[in-house]
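Participant: Let me give you the structure first, and then I'll get to my questions.
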Amino acid sequence: MPIRLSVLNLSTTWDPTLLWYARAVAVMKTRPITDPTSWRYQAAIHGYSSQMDPLRVAGEAMPANSDQRKYWNQCQHQSWYFLPWHRAYLSFFEKTVRRTIQSIGGPSDWALPYWNYSVSDNARRLPLAFQQINLPDGSPNALFVSQRSPRANTNQTLGTSADSSTVACLSRNRFINNGPIAEFGGGRSGPSTAAGVSGACERTPHNTMHGAVGGWMGAFETAGLDPIFWLHHANIDRLWTIWLNSAPTRTDPTDANWLNNFSWDFHDENGNPVTIRFNQIVDTTSQLLDYQYEAISAPGVSAAGLVGAAPGGGMSRPDSLPEMVGTTRSRLTLGGDQTDAELALQPPTGPAAGAGLTMSAAEPANVHLVIEHVKAASLPIESYEVFVNVPSGEKPEDHPELMAGLLPMFGVVESSRPSEGHGGEGVNYSFDVTEIVRELNARGAWDPAAMRVSFVPHRTPGDREEGVVPQPVEVGSISLYLEK
Ligand code: C2O
């Protein structure tokens, strides 16, 4: 069975795994966009817009409109289909690359490597092979993309450890969101209608690392054109396996709407149409998928971490409805500077009654910050840092312990356009702030009647060209929820 290897463990820059990948990508790039096994067609399955197509050739033949509608712009985000859809997409891509490699005399068991950027700061440097302009023989390197963040191709670390962190997502105990509370995989939805709260793994590290690489990786319509996209998604897919294996109580959805009721269209490695259901992709060692990961362990995942993650009760307790205890009354606009929002809080009277905002041991509760309808018309700052109760007059950067997480912008522009199948309602995220609120309470800095949320642009030096004015981001609402 082909093994997906860690790109960080490959012994040389041009290990055969990457050299064959580069050669196959070069071949796929020579195929016309009408060929389902071409590089551009494969990327268009995720997203395509002729206005945004950087490789567009005036007057070129395009696939029939009916084919474009059926096979292109299919990426599933902001729902429980995010992980399975991308798993299937990656698998057919991997088979297509493997077939291409075989056709030019390479091995028959090539598998997509994964980019495990979460293990150290150095791991957030783009793997060296992707930074080289040429292959060892002097020919152009098809893995190189000049449009990335300036840091990416100059061997600098991308983003910060907050971008690559898996702590928040791997500490979720369920796959399916509980209302607006993000769990690992995302919320229930029908296909292509998703406008829910993104799953925890989709927010970080998935969306954040898209932003950290930048360039084509920053938009649905171009992301698949960057060869690193596929290694990033192999890692996200691996995280799903890690999450699932880390406790017997962690399971995939068993709902028919996830497993059986809908079918999904792709092309196989010969360019022939194939239709699958997600019950066919839950086992990566099946004959259809046929791959395994070199390693399925992750820093910070331990039994202790899992137990601590559910203060409200055991992992098998039934979902209790989350109750909103405060929300902003007006929209907020984020720009290039810090923006603050104040929330008035009321004690819960509904499903979370008895779970006190006082955070006393007698009234245990999980506390979640939910940020909804995040919209932007054009590409904003790649992400914002979200802080809770930074004392007035003090700087958020001096209070890393009060950071709830990153609010990434990947997909925000796409999800703000009503016409394009990604909702038009913007992006929604939730952040588990239970530990932060407990900590504030312990030091006497928690007011059960009010809280402040601060948004600070998440900047790493050089991540935007000088002089580029950040485009405004609109936040529809900020709410606090209690979950018993
Ligand atoms: Cu459909 Cu990483 O994106």
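As shown in the structure tokens, the chain order sets the letters A, B, ...; within each chain, residues go from 1, and ligands are also counted from 1 in the order they appear.
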Grab me every residue within 8 Å of ligand 1, counting only C-alpha atoms and all ligand atoms, and send it over as a PyMOL selection string.
Facilitator: chain A and resi 46+75-77+82+86+206-207+210+217+220+223+229+232-233
Participant: Residues within 8 Å of region 1-9 of chain A, please, as a VMD selection string. Count only C-alpha atoms; anything in the same chain fewer than 4 positions from it doesn't count.
Facilitator: chain A and resid 109 to 116 123 127 285 290 to 295
Participant: Keeping all heavy atoms for every residue in the selection just given, could you write it to a file as a CSV table (one decimal), in the first residue's frame?
Facilitator:
```csv
chain,number,residue,atom,x,y,z
A,109,ASP,N,4.3,3.1,-7.0
A,109,ASP,CA,3.6,3.3,-5.7
A,109,ASP,C,3.8,4.7,-5.1
A,109,ASP,O,3.8,4.8,-3.9
A,109,ASP,CB,4.2,2.2,-4.7
A,109,ASP,CG,5.7,2.4,-4.5
A,109,ASP,OD1,6.4,3.2,-5.3
A,109,ASP,OD2,6.3,1.8,-3.6
A,110,TRP,N,4.0,5.6,-6.0
A,110,TRP,CA,4.2,7.0,-5.5
A,110,TRP,C,3.0,7.4,-4.7
A,110,TRP,O,1.8,7.1,-5.0
A,110,TRP,CB,4.4,8.0,-6.6
A,110,TRP,CG,4.6,9.4,-6.2
A,110,TRP,CD1,5.8,10.0,-5.9
A,110,TRP,CD2,3.6,10.4,-6.0
A,110,TRP,NE1,5.6,11.3,-5.5
A,110,TRP,CE2,4.3,11.6,-5.6
A,110,TRP,CE3,2.3,10.5,-6.1
A,110,TRP,CZ2,3.7,12.8,-5.3
A,110,TRP,CZ3,1.6,11.6,-5.8
A,110,TRP,CH2,2.3,12.8,-5.4
A,111,ALA,N,3.2,8.1,-3.6
A,111,ALA,CA,2.1,8.7,-2.8
A,111,ALA,C,2.4,10.1,-2.4
A,111,ALA,O,3.6,10.5,-2.3
A,111,ALA,CB,1.9,7.9,-1.5
A,112,LEU,N,1.4,10.9,-2.2
A,112,LEU,CA,1.5,12.3,-1.9
A,112,LEU,C,2.1,12.5,-0.5
A,112,LEU,O,1.7,11.9,0.4
A,112,LEU,CB,0.1,12.8,-1.9
A,112,LEU,CG,-0.2,14.3,-1.9
A,112,LEU,CD1,0.4,15.0,-3.1
A,112,LEU,CD2,-1.8,14.5,-1.9
A,113,PRO,N,3.2,13.2,-0.4
A,113,PRO,CA,3.8,13.5,0.9
A,113,PRO,C,2.9,14.5,1.7
A,113,PRO,O,2.0,15.2,1.0
A,113,PRO,CB,5.1,14.1,0.6
A,113,PRO,CG,5.2,14.5,-0.8
A,113,PRO,CD,4.0,13.9,-1.5
A,114,TYR,N,3.1,14.6,3.0
A,114,TYR,CA,2.3,15.6,3.7
A,114,TYR,C,3.3,16.6,4.4
A,114,TYR,O,4.4,16.2,4.7
A,114,TYR,CB,1.4,14.9,4.8
A,114,TYR,CG,2.2,14.1,5.9
A,114,TYR,CD1,2.6,14.6,7.0
A,114,TYR,CD2,2.3,12.7,5.7
A,114,TYR,CE1,3.3,13.9,8.0
A,114,TYR,CE2,3.0,11.9,6.6
A,114,TYR,CZ,3.4,12.5,7.8
A,114,TYR,OH,4.1,11.8,8.7
A,115,TRP,N,2.8,17.8,4.6
A,115,TRP,CA,3.6,18.9,5.2
A,115,TRP,C,3.1,19.1,6.6
A,115,TRP,O,2.2,19.8,6.8
A,115,TRP,CB,3.4,20.1,4.3
A,115,TRP,CG,4.2,21.3,4.9
A,115,TRP,CD1,5.3,21.3,5.7
A,115,TRP,CD2,4.0,22.7,4.6
A,115,TRP,NE1,5.8,22.6,5.9
A,115,TRP,CE2,4.9,23.5,5.3
A,115,TRP,CE3,3.0,23.4,3.8
A,115,TRP,CZ2,5.0,24.8,5.2
A,115,TRP,CZ3,3.0,24.7,3.8
A,115,TRP,CH2,4.0,25.5,4.4
A,116,ASN,N,3.9,18.5,7.5
A,116,ASN,CA,3.5,18.6,8.9
A,116,ASN,C,4.2,19.9,9.6
A,116,ASN,O,5.1,19.8,10.3
A,116,ASN,CB,4.0,17.4,9.7
A,116,ASN,CG,3.5,17.4,11.1
A,116,ASN,OD1,2.8,18.3,11.5
A,116,ASN,ND2,3.9,16.4,11.9
A,123,ALA,N,9.5,24.0,10.8
A,123,ALA,CA,8.6,23.2,10.0
A,123,ALA,C,7.7,24.1,9.2
A,123,ALA,O,7.1,23.7,8.2
A,123,ALA,CB,7.8,22.2,10.8
A,127,PRO,N,8.8,23.7,2.3
A,127,PRO,CA,9.9,22.7,2.0
A,127,PRO,C,10.7,23.2,0.8
A,127,PRO,O,10.2,23.7,-0.2
A,127,PRO,CB,9.0,21.4,1.6
A,127,PRO,CG,7.8,21.6,2.4
A,127,PRO,CD,7.5,23.1,2.4
A,285,THR,N,-7.5,2.8,3.9
A,285,THR,CA,-6.7,1.6,3.5
A,285,THR,C,-7.6,0.7,2.5
A,285,THR,O,-7.2,-0.4,2.1
A,285,THR,CB,-6.3,0.7,4.6
A,285,THR,OG1,-7.4,0.2,5.3
A,285,THR,CG2,-5.4,1.5,5.6
A,290,ASP,N,-6.6,3.4,-0.7
A,290,ASP,CA,-5.3,2.7,-0.8
A,290,ASP,C,-4.1,3.6,-0.4
A,290,ASP,O,-3.1,3.7,-1.1
A,290,ASP,CB,-5.1,2.2,-2.3
A,290,ASP,CG,-4.0,1.1,-2.4
A,290,ASP,OD1,-3.8,0.4,-1.4
A,290,ASP,OD2,-3.4,1.1,-3.5
A,291,TYR,N,-4.2,4.2,0.8
A,291,TYR,CA,-3.0,4.8,1.3
A,291,TYR,C,-3.0,4.8,2.8
A,291,TYR,O,-4.0,4.6,3.5
A,291,TYR,CB,-2.9,6.3,0.8
A,291,TYR,CG,-3.9,7.2,1.3
A,291,TYR,CD1,-3.8,7.8,2.6
A,291,TYR,CD2,-5.1,7.5,0.6
A,291,TYR,CE1,-4.8,8.7,3.1
A,291,TYR,CE2,-6.1,8.3,1.0
A,291,TYR,CZ,-5.9,8.9,2.3
A,291,TYR,OH,-6.9,9.8,2.8
A,292,GLN,N,-1.8,5.0,3.4
A,292,GLN,CA,-1.6,5.1,4.8
A,292,GLN,C,-0.6,6.2,5.1
A,292,GLN,O,0.2,6.6,4.2
A,292,GLN,CB,-1.0,3.8,5.4
A,292,GLN,CG,-2.1,2.8,5.8
A,292,GLN,CD,-1.5,1.6,6.4
A,292,GLN,OE1,-0.5,1.0,5.9
A,292,GLN,NE2,-2.0,1.2,7.5
A,293,TYR,N,-0.6,6.8,6.3
A,293,TYR,CA,0.4,7.8,6.6
A,293,TYR,C,1.6,7.2,7.3
A,293,TYR,O,1.5,6.2,8.1
A,293,TYR,CB,-0.2,8.9,7.5
A,293,TYR,CG,-1.2,9.7,6.7
A,293,TYR,CD1,-2.6,9.6,6.7
A,293,TYR,CD2,-0.7,10.7,5.8
A,293,TYR,CE1,-3.4,10.3,5.9
A,293,TYR,CE2,-1.5,11.4,5.0
A,293,TYR,CZ,-2.9,11.3,5.1
A,293,TYR,OH,-3.7,12.0,4.3
A,294,GLU,N,2.8,7.8,7.0
A,294,GLU,CA,4.0,7.3,7.7
A,294,GLU,C,3.9,7.4,9.2
A,294,GLU,O,4.3,6.5,9.9
A,294,GLU,CB,5.1,8.2,7.2
A,294,GLU,CG,6.5,8.0,7.9
A,294,GLU,CD,7.5,9.0,7.5
A,294,GLU,OE1,7.3,9.8,6.6
A,294,GLU,OE2,8.6,9.0,8.2
A,295,ALA,N,3.3,8.5,9.7
A,295,ALA,CA,3.1,8.6,11.1
A,295,ALA,C,1.8,9.3,11.4
A,295,ALA,O,1.4,10.2,10.8
A,295,ALA,CB,4.3,9.5,11.7
```
Participant: Taking the DSSP assignment computed from this structure's backbone, write out as an NGL selection string all residues of region 172-297 of chain A that belong to alpha helix (DSSP H).
Facilitator: :A and (200-201 or 208-213 or 220-223 or 228-245 or 256-259)
Participant: Please identify every residue of region 403-481 of chain A that has at least one atom no farther than 9 Å from an atom of region 167-176 of chain A, counting only C-alpha atoms, and for each give the shortest atom pair and the distance in Å to one decimal, arranged by chain then increasing number, as CSV.
Facilitator:
```
residue,atom,partner,partner_atom,distance
A:Gly405,CA,A:Ala168,CA,8.6
A:Phe431,CA,A:Ala168,CA,8.5
A:Asp432,CA,A:Ala168,CA,8.0
```
Participant: Could the residues in this selection be written to a file with C-alpha atoms, as a JSON list (two decimals), in the first residue's frame?
Facilitator:
```
[["chain", "number", "residue", "atom", "x", "y", "z"],
["A", 405, "GLY", "CA", -7.13, 32.17, 18.46],
["A", 431, "PHE", "CA", -13.50, 29.70, 19.78],
["A", 432, "ASP", "CA", -13.44, 27.72, 23.02]]
```
Participant: Quick one: DSSP strand (DSSP E or B) residues in region 313-436 of chain A, as a VMD selection string?
Facilitator: chain A and resid 323 to 327 332 to 334 339 to 344 366 to 375 383 to 388 403 to 408 427 to 432
Participant: I'd like the neighbourhood of region 332-343 of chain A as a short mmCIF file (atom, residue, chain, number, x, y, z; two decimals) with N, CA, C and O atoms, in the first residue's frame, where a residue qualifies if any of its atoms comes within 8 Å (using only C-alpha atoms), though same-chain residues fewer than 5 positions away should be ignored.
Facilitator:
```cif
data_model
loop_
_atom_site.label_atom_id
_atom_site.label_comp_id
_atom_site.auth_asym_id
_atom_site.auth_seq_id
_atom_site.Cartn_x
_atom_site.Cartn_y
_atom_site.Cartn_z
N GLY A 326 -24.89 36.63 25.44
CA GLY A 326 -24.57 38.01 25.11
C GLY A 326 -24.21 38.11 23.65
O GLY A 326 -23.67 37.16 23.08
N THR A 327 -24.56 39.24 23.03
CA THR A 327 -24.20 39.41 21.62
C THR A 327 -24.07 40.89 21.29
O THR A 327 -24.68 41.73 21.96
N ILE A 381 -6.38 41.64 5.20
CA ILE A 381 -5.28 41.07 5.98
C ILE A 381 -5.53 39.58 6.14
O ILE A 381 -6.68 39.15 6.28
N ALA A 450 -20.09 41.63 31.61
CA ALA A 450 -19.56 42.32 30.43
C ALA A 450 -18.23 41.73 30.01
O ALA A 450 -17.46 41.25 30.85
N MET A 451 -17.97 41.77 28.71
CA MET A 451 -16.66 41.37 28.24
C MET A 451 -16.25 42.21 27.04
O MET A 451 -17.08 42.84 26.39
N ARG A 452 -14.96 42.20 26.78
CA ARG A 452 -14.43 42.94 25.63
C ARG A 452 -13.70 41.96 24.72
O ARG A 452 -12.96 41.09 25.18
N VAL A 453 -13.94 42.11 23.42
CA VAL A 453 -13.24 41.28 22.44
C VAL A 453 -12.41 42.22 21.57
O VAL A 453 -12.94 43.24 21.09
N SER A 454 -11.15 41.91 21.39
CA SER A 454 -10.28 42.76 20.57
C SER A 454 -9.75 41.99 19.37
O SER A 454 -9.40 40.81 19.48
N PHE A 455 -9.72 42.68 18.24
CA PHE A 455 -9.21 42.11 16.99
C PHE A 455 -7.95 42.87 16.60
O PHE A 455 -7.98 44.09 16.51
N VAL A 456 -6.88 42.13 16.39
CA VAL A 456 -5.61 42.76 16.05
C VAL A 456 -5.09 42.10 14.78
O VAL A 456 -5.04 40.87 14.71
N PRO A 457 -4.69 42.88 13.77
CA PRO A 457 -4.13 42.25 12.57
C PRO A 457 -2.98 41.32 12.93
O PRO A 457 -2.13 41.69 13.75
N VAL A 469 -2.97 48.91 1.18
CA VAL A 469 -3.93 49.29 2.21
C VAL A 469 -4.85 48.09 2.47
O VAL A 469 -5.47 47.59 1.54
N PRO A 470 -4.96 47.62 3.72
CA PRO A 470 -5.82 46.47 3.96
C PRO A 470 -7.28 46.79 3.69
O PRO A 470 -7.75 47.87 4.04
N GLN A 471 -7.97 45.89 3.06
CA GLN A 471 -9.37 46.10 2.74
C GLN A 471 -10.22 45.78 3.97
O GLN A 471 -9.88 44.88 4.74
N PRO A 472 -11.32 46.52 4.15
CA PRO A 472 -12.11 46.30 5.37
C PRO A 472 -12.78 44.94 5.42
O PRO A 472 -13.14 44.36 4.40
N VAL A 473 -12.94 44.45 6.64
CA VAL A 473 -13.62 43.18 6.90
C VAL A 473 -14.81 43.52 7.79
O VAL A 473 -14.68 44.26 8.76
N GLU A 474 -15.96 42.99 7.43
CA GLU A 474 -17.15 43.24 8.24
C GLU A 474 -17.45 42.02 9.11
O GLU A 474 -17.44 40.89 8.62
N VAL A 475 -17.70 42.27 10.38
CA VAL A 475 -18.07 41.20 11.29
C VAL A 475 -19.55 41.40 11.65
O VAL A 475 -19.90 42.44 12.20
N GLY A 476 -20.40 40.45 11.31
CA GLY A 476 -21.84 40.62 11.54
C GLY A 476 -22.21 40.60 13.01
O GLY A 476 -22.94 41.45 13.48
N SER A 477 -21.70 39.62 13.75
CA SER A 477 -22.01 39.59 15.18
C SER A 477 -20.96 38.82 15.95
O SER A 477 -20.26 37.96 15.40
N SER A 479 -20.80 36.80 19.66
CA SER A 479 -21.67 36.32 20.72
C SER A 479 -20.91 35.42 21.67
O SER A 479 -19.92 34.80 21.29
#
```
Participant: In terms of the shortest atom-to-atom distance over only C-alpha atoms, which of A:Gln156, A:Arg238, A:Ile296, A:Asp163 is closest to Asn122 (chain A)?
Facilitator: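 Between A:Gln156, A:Arg238, A:Ile296, A:Asp163, the residue approaching Asn122 (chain A) most closely is A:Gln156.
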